[in-house]
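Next up, target.txt (compact mmCIF, C-alpha atoms (C1' of nucleotides)):
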```txt
# COMPACT_ATOMS: atom_id res chain seq x y z
CA MET A 1 10.97 13.78 -25.03
CA THR A 2 12.95 16.61 -23.37
CA GLN A 3 11.29 19.92 -24.22
CA PRO A 4 12.41 23.46 -25.21
CA ARG A 5 12.32 26.21 -22.59
CA SER A 6 10.51 29.53 -22.72
CA THR A 7 9.68 31.68 -19.67
CA ILE A 8 6.66 32.43 -17.41
CA GLU A 9 7.00 31.54 -13.70
CA LEU A 10 4.22 29.96 -11.66
CA THR A 11 5.18 28.98 -8.14
CA VAL A 12 3.44 26.20 -6.19
CA GLU A 13 2.58 26.38 -2.50
CA PRO A 14 5.21 26.45 0.31
CA CYS A 15 4.62 24.97 3.80
CA CYS A 16 5.31 24.40 7.50
CA PRO A 17 7.47 25.60 10.46
CA PRO A 18 10.99 24.74 11.77
CA LEU A 19 11.22 22.00 14.38
CA SER A 20 13.55 19.81 16.39
CA LEU A 21 13.08 16.19 17.33
CA SER A 22 14.97 15.99 20.60
CA LEU A 23 13.08 18.90 22.14
CA ALA A 24 9.70 17.61 23.26
CA LEU A 25 7.41 17.82 20.26
CA SER A 26 3.98 19.39 20.62
CA ASP A 27 0.97 17.67 19.19
CA ASP A 28 0.50 20.19 16.40
CA GLN A 29 4.17 20.16 15.53
CA ALA A 30 4.11 16.39 15.32
CA VAL A 31 1.12 16.46 13.01
CA ASP A 32 2.85 18.91 10.67
CA LEU A 33 6.13 17.05 10.68
CA ALA A 34 4.38 13.76 10.06
CA LYS A 35 2.91 15.17 6.88
CA VAL A 36 6.36 15.93 5.51
CA PHE A 37 7.67 12.48 6.35
CA ALA A 38 4.52 10.97 4.87
CA ALA A 39 5.40 12.67 1.61
CA LEU A 40 8.72 10.83 1.70
CA ALA A 41 7.19 7.52 2.74
CA ASP A 42 6.58 6.23 -0.76
CA PRO A 43 9.13 4.59 -3.06
CA VAL A 44 7.80 6.25 -6.20
CA ARG A 45 7.97 9.70 -4.62
CA LEU A 46 11.48 9.07 -3.34
CA ARG A 47 12.66 8.08 -6.80
CA LEU A 48 10.81 11.03 -8.29
CA LEU A 49 12.50 13.35 -5.82
CA SER A 50 15.87 11.80 -6.54
CA LEU A 51 15.30 12.31 -10.27
CA VAL A 52 14.47 15.96 -9.76
CA ALA A 53 17.44 16.40 -7.43
CA SER A 54 19.90 14.80 -9.82
CA GLN A 55 19.15 17.16 -12.67
CA ASP A 56 18.15 20.51 -11.40
CA GLU A 57 14.97 20.93 -13.32
CA VAL A 58 12.76 18.19 -14.70
CA CYS A 59 9.64 18.20 -16.86
CA SER A 60 6.69 16.11 -15.69
CA CYS A 61 6.68 14.49 -19.10
CA ASP A 62 10.16 13.11 -18.41
CA LEU A 63 9.14 11.45 -15.14
CA GLN A 64 6.52 9.09 -16.45
CA ALA A 65 8.86 6.74 -18.31
CA PRO A 66 11.59 6.21 -15.69
CA LEU A 67 9.06 5.78 -12.89
CA GLY A 68 6.87 3.43 -14.90
CA LYS A 69 3.64 4.96 -13.67
CA SER A 70 0.63 6.49 -15.39
CA GLN A 71 0.33 10.21 -15.97
CA PRO A 72 -2.37 10.72 -13.29
CA THR A 73 -0.21 8.86 -10.79
CA ILE A 74 2.81 11.05 -11.54
CA SER A 75 0.64 14.13 -11.18
CA HIS A 76 -0.65 12.80 -7.86
CA HIS A 77 2.87 12.33 -6.53
CA THR A 78 4.26 15.65 -7.70
CA LYS A 79 1.32 17.30 -6.00
CA ALA A 80 2.03 15.44 -2.76
CA LEU A 81 5.70 16.47 -2.78
CA ALA A 82 4.80 20.05 -3.65
CA GLU A 83 2.26 20.28 -0.84
CA ALA A 84 4.93 19.06 1.55
CA GLY A 85 7.13 21.87 0.26
CA LEU A 86 9.77 19.48 -0.98
CA ILE A 87 9.61 20.43 -4.65
CA VAL A 88 8.52 23.55 -6.46
CA GLY A 89 6.81 23.62 -9.85
CA HIS A 90 6.94 26.17 -12.63
CA LYS A 91 4.65 25.99 -15.61
CA ARG A 92 6.16 27.07 -18.89
CA GLY A 93 3.78 26.78 -21.82
CA LYS A 94 2.33 23.31 -21.86
CA TRP A 95 5.02 21.82 -19.70
CA MET A 96 5.41 21.64 -15.95
CA TRP A 97 8.97 21.92 -14.63
CA TRP A 98 9.98 20.78 -11.18
CA ARG A 99 12.95 21.47 -8.96
CA VAL A 100 13.75 20.62 -5.36
CA ALA A 101 13.27 23.12 -2.54
CA PRO A 102 16.77 22.80 -1.04
CA ASP A 103 16.11 24.83 2.11
CA ARG A 104 13.22 22.54 2.89
CA LEU A 105 15.49 19.50 2.83
CA ASP A 106 17.99 21.38 4.98
CA ALA A 107 15.30 22.13 7.53
CA LEU A 108 14.27 18.51 7.58
CA ARG A 109 17.86 17.45 8.20
CA ASP A 110 18.01 19.77 11.18
CA VAL A 111 14.90 18.20 12.64
CA LEU A 112 16.74 14.90 12.95
CA ARG A 113 18.89 16.57 15.59
CA MET B 1 5.31 5.41 37.62
CA THR B 2 9.05 5.57 36.82
CA GLN B 3 10.62 2.21 37.62
CA PRO B 4 13.84 0.99 39.31
CA ARG B 5 16.66 -0.35 37.12
CA SER B 6 18.31 -3.77 37.28
CA THR B 7 20.35 -5.33 34.45
CA ILE B 8 19.89 -7.92 31.64
CA GLU B 9 20.23 -6.66 28.04
CA LEU B 10 17.94 -7.77 25.21
CA THR B 11 18.53 -6.00 21.91
CA VAL B 12 15.80 -5.54 19.29
CA GLU B 13 16.32 -5.88 15.53
CA PRO B 14 18.53 -3.49 13.50
CA CYS B 15 17.80 -2.64 9.82
CA CYS B 16 18.60 -1.34 6.32
CA PRO B 17 21.45 0.06 4.13
CA PRO B 18 23.02 3.52 3.64
CA LEU B 19 21.64 5.69 0.84
CA SER B 20 21.71 9.10 -0.80
CA LEU B 21 18.82 11.00 -2.26
CA SER B 22 20.48 13.07 -4.95
CA LEU B 23 22.17 10.06 -6.55
CA ALA B 24 19.56 8.27 -8.64
CA LEU B 25 17.76 5.94 -6.28
CA SER B 26 17.23 2.33 -7.27
CA ASP B 27 13.85 0.75 -6.85
CA ASP B 28 14.92 -1.47 -3.98
CA GLN B 29 16.70 1.37 -2.24
CA ALA B 30 13.60 3.52 -2.53
CA VAL B 31 11.45 0.79 -1.04
CA ASP B 32 13.78 0.43 1.95
CA LEU B 33 14.08 4.15 2.53
CA ALA B 34 10.34 4.61 2.26
CA LYS B 35 9.88 2.19 5.14
CA VAL B 36 12.04 4.33 7.40
CA PHE B 37 10.21 7.50 6.48
CA ALA B 38 6.91 5.68 6.92
CA ALA B 39 7.96 4.96 10.49
CA LEU B 40 8.32 8.72 10.99
CA ALA B 41 5.09 9.58 9.18
CA ASP B 42 2.86 9.39 12.23
CA PRO B 43 2.37 12.11 14.86
CA VAL B 44 2.20 9.67 17.75
CA ARG B 45 5.44 7.98 16.72
CA LEU B 46 7.17 11.33 16.29
CA ARG B 47 6.18 12.42 19.78
CA LEU B 48 7.15 9.01 21.12
CA LEU B 49 10.55 9.32 19.47
CA SER B 50 10.99 12.83 20.79
CA LEU B 51 10.15 11.60 24.30
CA VAL B 52 12.74 8.87 24.06
CA ALA B 53 15.29 11.28 22.60
CA SER B 54 14.77 13.88 25.31
CA GLN B 55 15.56 11.54 28.15
CA ASP B 56 18.01 8.92 27.13
CA GLU B 57 16.12 5.90 28.25
CA VAL B 58 12.39 5.56 28.68
CA CYS B 59 10.15 2.79 29.98
CA SER B 60 7.15 1.80 27.88
CA CYS B 61 5.02 2.32 30.94
CA ASP B 62 5.98 6.00 30.95
CA LEU B 63 4.90 6.56 27.35
CA GLN B 64 1.25 5.68 27.66
CA ALA B 65 0.18 8.69 29.72
CA PRO B 66 1.89 11.51 27.80
CA LEU B 67 0.85 10.09 24.44
CA GLY B 68 -2.72 9.44 25.52
CA LYS B 69 -2.97 6.11 23.76
CA SER B 70 -3.83 2.59 24.88
CA GLN B 71 -1.13 0.12 25.84
CA PRO B 72 -1.51 -2.00 22.67
CA THR B 73 -1.22 1.12 20.56
CA ILE B 74 2.01 2.17 22.29
CA SER B 75 3.39 -1.31 21.80
CA HIS B 76 2.42 -1.16 18.14
CA HIS B 77 4.28 2.12 17.64
CA THR B 78 7.43 1.14 19.53
CA LYS B 79 7.56 -1.97 17.39
CA ALA B 80 7.25 0.09 14.22
CA LEU B 81 10.07 2.42 15.26
CA ALA B 82 12.24 -0.50 16.34
CA GLU B 83 11.73 -2.32 13.04
CA ALA B 84 12.79 0.84 11.25
CA GLY B 85 15.92 0.78 13.37
CA LEU B 86 15.14 4.15 14.92
CA ILE B 87 14.92 3.01 18.53
CA VAL B 88 16.38 0.07 20.40
CA GLY B 89 14.67 -1.76 23.25
CA HIS B 90 16.10 -3.50 26.27
CA LYS B 91 13.96 -5.62 28.54
CA ARG B 92 14.84 -5.47 32.21
CA GLY B 93 12.60 -7.59 34.37
CA LYS B 94 9.02 -6.74 33.60
CA TRP B 95 9.82 -3.41 32.01
CA MET B 96 10.81 -2.51 28.49
CA TRP B 97 13.30 0.35 28.16
CA TRP B 98 13.79 2.26 24.94
CA ARG B 99 16.51 4.51 23.62
CA VAL B 100 17.14 6.10 20.24
CA ALA B 101 19.59 4.59 17.75
CA PRO B 102 21.63 7.76 17.12
CA ASP B 103 23.67 6.45 14.19
CA ARG B 104 20.44 5.59 12.43
CA LEU B 105 19.24 9.18 12.67
CA ASP B 106 22.65 10.35 11.47
CA ALA B 107 22.39 8.07 8.44
CA LEU B 108 18.96 9.39 7.68
CA ARG B 109 20.24 12.96 7.83
CA ASP B 110 22.90 12.08 5.30
CA VAL B 111 20.30 10.70 2.94
CA LEU B 112 18.74 14.15 2.67
CA ARG B 113 21.91 15.27 0.83
C1' DC C 1 -11.59 28.75 -34.34
C1' DG C 2 -10.54 23.79 -33.94
C1' DT C 3 -7.47 20.40 -33.07
C1' DA C 4 -3.61 18.21 -30.47
C1' DC C 5 -1.33 17.45 -26.45
C1' DG C 6 0.44 17.98 -21.51
C1' DG C 7 -1.33 18.13 -17.06
C1' DA C 8 -4.92 18.07 -13.33
C1' DT C 9 -9.06 16.16 -11.39
C1' DC C 10 -12.56 12.55 -10.47
C1' DG C 11 -14.35 8.02 -9.31
C1' DA C 12 -13.50 3.47 -8.17
C1' DC C 13 -10.93 -0.31 -6.38
C1' DG C 14 -7.77 -2.85 -3.33
C1' DC C 15 -4.47 -2.58 0.16
C1' DC C 16 -2.36 -0.78 4.24
C1' DT C 17 -2.54 1.30 8.81
C1' DG C 18 -3.96 3.38 13.44
C1' DT C 19 -6.86 2.25 17.01
C1' DC C 20 -8.88 -0.41 20.77
C1' DA C 21 -10.90 -4.51 23.43
C1' DA C 22 -9.78 -9.02 24.41
C1' DT C 23 -6.43 -12.24 25.18
C1' DA C 24 -1.98 -14.56 25.50
C1' DC C 25 2.84 -14.39 27.21
C1' DG C 26 6.62 -13.78 30.88
C1' DT C 27 8.56 -12.18 34.75
C1' DG C 28 8.71 -11.06 39.57
C1' DT C 29 6.53 -11.57 44.19
C1' DG C 30 4.10 -13.68 47.89
C1' DC D 1 3.12 -22.70 42.60
C1' DA D 2 -0.23 -19.18 41.96
C1' DC D 3 -1.21 -14.70 41.29
C1' DA D 4 -0.33 -9.82 39.73
C1' DC D 5 1.26 -6.85 36.51
C1' DG D 6 3.77 -5.03 32.27
C1' DT D 7 4.09 -6.13 27.56
C1' DA D 8 3.05 -8.37 23.07
C1' DT D 9 -0.25 -10.32 19.91
C1' DT D 10 -4.73 -10.98 17.71
C1' DG D 11 -9.02 -9.63 15.57
C1' DA D 12 -12.01 -6.20 14.00
C1' DC D 13 -13.19 -1.82 12.28
C1' DA D 14 -12.74 2.70 10.10
C1' DG D 15 -10.20 5.78 7.53
C1' DG D 16 -6.42 6.88 4.32
C1' DC D 17 -3.60 6.06 0.24
C1' DG D 18 -1.61 4.35 -4.34
C1' DT D 19 -3.14 3.21 -8.66
C1' DC D 20 -5.48 3.61 -13.05
C1' DG D 21 -9.11 4.75 -16.75
C1' DA D 22 -11.93 8.40 -18.03
C1' DT D 23 -12.58 13.04 -18.29
C1' DC D 24 -11.82 18.01 -17.90
C1' DC D 25 -8.82 22.21 -18.31
C1' DG D 26 -5.28 25.22 -20.81
C1' DT D 27 -1.96 26.15 -23.90
C1' DA D 28 0.19 26.01 -28.34
C1' DC D 29 -0.18 25.81 -33.31
C1' DG D 30 -2.40 25.29 -37.89
```

As structure tokens, please, write out the structure in this file.
Amino acid sequence: MTQPRSTIELTVEPCCPPLSLSLALSDDQAVDLAKVFAALADPVRLRLLSLVASQDEVCSCDLQAPLGKSQPTISHHTKALAEAGLIVGHKRGKWMWWRVAPDRLDALRDVLR
Amino acid sequence: MTQPRSTIELTVEPCCPPLSLSLALSDDQAVDLAKVFAALADPVRLRLLSLVASQDEVCSCDLQAPLGKSQPTISHHTKALAEAGLIVGHKRGKWMWWRVAPDRLDALRDVLR
DNA sequence: CGTACGGATCGACGCCTGTCAATACGTGTG
DNA sequence: CACACGTATTGACAGGCGTCGATCCGTACG
């Protein structure tokens, strides 16, 4: 089901500030950080993210089968990861292509001291 | 309210295997990893963890005030973090002392590629 | 145009989780 | 031994979340 590629770029939303765990966390900071971790706190999203990370661009249509979830569910999860800034989506024609936001993962690594 | 220190060590449970995000994640692996991230997906637990990380040992009794939560709630959160292997508790007399499990945080950093 | 198809949104359902009051458990102190 | 005090557990409640079927929106292609 892998699809042909044309052009047209359509970025999805970015998000959130840099932090560090071992320096006393403010309330607001904690709330923001918790949202990012919440995005990672689901097995389906973790496998989705790992699929996107293993190739470097993946069509939504190619996620449904390996994850064994319905199309609305996949859409729900990609949205959650995108809102956390962990993946970025580009729409090309009818298809939605996703790739990881590597700097975002880097930042998250730094948070864990 | 900071308390005196005697001895007696009483370790709390460890947990879970090593993983990597960019290598296709199995279902079971994803489930395990999700549990760890779920432990971090709460603002109160993040601030609790940052409090424990900033000093290197903290008494439960000293967490209640800065976090502004009831004693059962604090106990609930320390338990969640301990079950995720992120903190380790030692009971000395009446008081429960917590410290971070540094290798666990290291492992988690590695997971994020 | 109209039709087909990929994706997003909506509504509903069941489950999980954060919170607290009440209570039980254990340890030290008189 | 009895009592005080820190911690853990239980029960209850409200809110959030994962899931899916149904539906809507947009884009390609006859």

Using all atoms listed in the file, what does the table of chain C residues within 8 Å of chain B look like, with each row giving the shortest atom pair and its distance in Å to one decimal, sorted by chain and ascending number, as a Markdown table?
```
| residue | atom | partner | partner_atom | distance |
| --- | --- | --- | --- | --- |
| C:DG18 | C1' | B:Thr73 | CA | 8.0 |
| C:DT19 | C1' | B:Thr73 | CA | 6.8 |
| C:DC20 | C1' | B:Ser70 | CA | 7.2 |
| C:DG26 | C1' | B:Lys94 | CA | 7.9 |
| C:DT27 | C1' | B:Lys94 | CA | 5.6 |
| C:DG28 | C1' | B:Gly93 | CA | 7.4 |
```

**Asked** Do you have the atom CA of B:Arg113-atom CA of A:Leu40 distance handy?
**Response**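 Separation between atom CA of B:Arg113 and atom CA of A:Leu40: 13.9 Å.
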
**Residue nearest A:Ala34 among A:Leu21, A:Met96, A:Lys91, A:Asp110 (counting only C-alpha atoms)** = A:Leu21

For A:Asp56, please output as a PDB file with C-alpha atoms, in the frame of the given file all residues within 10 Å (counting all atoms listed in the file; exclusion window: fewer than 6 positions along the same chain).
```pdb
ATOM      1  CA  TRP A  97       8.970  21.920 -14.630  1.00  0.00           C
ATOM      2  CA  TRP A  98       9.980  20.780 -11.180  1.00  0.00           C
ATOM      3  CA  ARG A  99      12.950  21.470  -8.960  1.00  0.00           C
ATOM      4  CA  VAL A 100      13.750  20.620  -5.360  1.00  0.00           C
TER       5      VAL A 100
END
```

Any chance you could tabulate, as CSV, the residues of chain A at most 10 Å from chain B with each one's nearest atom pair and distance in Å to one decimal, using all atoms listed in the file, in chain and rising number order?
```
residue,atom,partner,partner_atom,distance
A:Ser20,CA,B:Ser50,CA,8.6
A:Leu21,CA,B:Ser50,CA,5.3
A:Ser22,CA,B:Ser50,CA,5.1
A:Leu23,CA,B:Ser54,CA,6.2
A:Ala24,CA,B:Ser50,CA,5.5
A:Leu25,CA,B:Arg47,CA,5.6
A:Ser26,CA,B:Arg47,CA,7.4
A:Asp27,CA,B:Pro43,CA,7.2
A:Asp28,CA,B:Pro43,CA,8.4
A:Gln29,CA,B:Pro43,CA,8.3
A:Ala30,CA,B:Pro43,CA,4.6
A:Val31,CA,B:Pro43,CA,4.9
A:Asp32,CA,B:Pro43,CA,8.0
A:Leu33,CA,B:Pro43,CA,7.5
A:Ala34,CA,B:Ala41,CA,4.3
A:Lys35,CA,B:Ala41,CA,6.4
A:Val36,CA,B:Ala41,CA,7.4
A:Phe37,CA,B:Ala41,CA,4.8
A:Ala38,CA,B:Ala41,CA,4.6
A:Ala39,CA,B:Ala41,CA,8.2
A:Leu40,CA,B:Phe37,CA,6.0
A:Ala41,CA,B:Ala34,CA,4.3
A:Asp42,CA,B:Ala34,CA,5.1
A:Pro43,CA,B:Ala30,CA,4.6
A:Val44,CA,B:Ala30,CA,7.4
A:Arg45,CA,B:Ala30,CA,8.6
A:Leu46,CA,B:Ala30,CA,6.0
A:Arg47,CA,B:Leu25,CA,5.6
A:Leu48,CA,B:Leu25,CA,8.8
A:Leu49,CA,B:Leu21,CA,7.6
A:Ser50,CA,B:Ser22,CA,5.0
A:Leu51,CA,B:Ala24,CA,6.1
A:Val52,CA,B:Ser22,CA,8.2
A:Ala53,CA,B:Ser22,CA,5.1
A:Ser54,CA,B:Ser22,CA,5.2
A:Gln55,CA,B:Ser22,CA,8.8
A:Leu67,CA,B:Asp27,CA,9.2
A:Pro102,CA,B:Arg113,CA,9.3
A:Leu105,CA,B:Leu112,CA,6.3
A:Asp106,CA,B:Leu112,CA,7.6
A:Ala107,CA,B:Leu112,CA,10.0
A:Leu108,CA,B:Leu112,CA,7.9
A:Arg109,CA,B:Arg109,CA,5.1
A:Asp110,CA,B:Arg109,CA,7.9
A:Val111,CA,B:Arg109,CA,8.9
A:Leu112,CA,B:Leu105,CA,6.2
A:Arg113,CA,B:Leu105,CA,8.0
```

**Request:** Please report as a PyMOL selection string which residues of chain D come no farther than 9 Å from chain B, using all atoms listed in the file.
**Result:** chain D and resi 5-9

Go ahead and write the selection's residues with C-alpha atoms (C1' of nucleotides) as a PDB file, keeping the file's coordinate frame.
```pdb
ATOM      1  C1'  DC D   5       1.260  -6.850  36.510  1.00  0.00           C
ATOM      2  C1'  DG D   6       3.770  -5.030  32.270  1.00  0.00           C
ATOM      3  C1'  DT D   7       4.090  -6.130  27.560  1.00  0.00           C
ATOM      4  C1'  DA D   8       3.050  -8.370  23.070  1.00  0.00           C
ATOM      5  C1'  DT D   9      -0.250 -10.320  19.910  1.00  0.00           C
TER       6       DT D   9
END
```

**Asked** Once you count only C-alpha atoms (C1' of nucleotides), which residues end up no further than 9 Å from (-8.5, 8.4, -13.2) in the file's frame, shown as an MDAnalysis selection string?
**Response** (chainID A and resid 72:73) or (chainID C and resid 9:12) or (chainID D and resid 19:23)

**Prompt:** Rounded to one decimal in Å, what is the spacing between atom CA of B:Arg104 and atom CA of B:Gly85?
**Reply:**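 Interatomic distance here is 6.7 Å.
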
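One finds atom C1' of C:DG14 at 25.1 Å from atom CA of A:Leu63.
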
**Prompt:** So which residues touch C:DT17 within 10 Å, counting only C-alpha atoms (C1' of nucleotides), skipping near sequence neighbours fewer than 4 positions away, as a PyMOL selection string?
**Reply:** chain D and resi 15-17
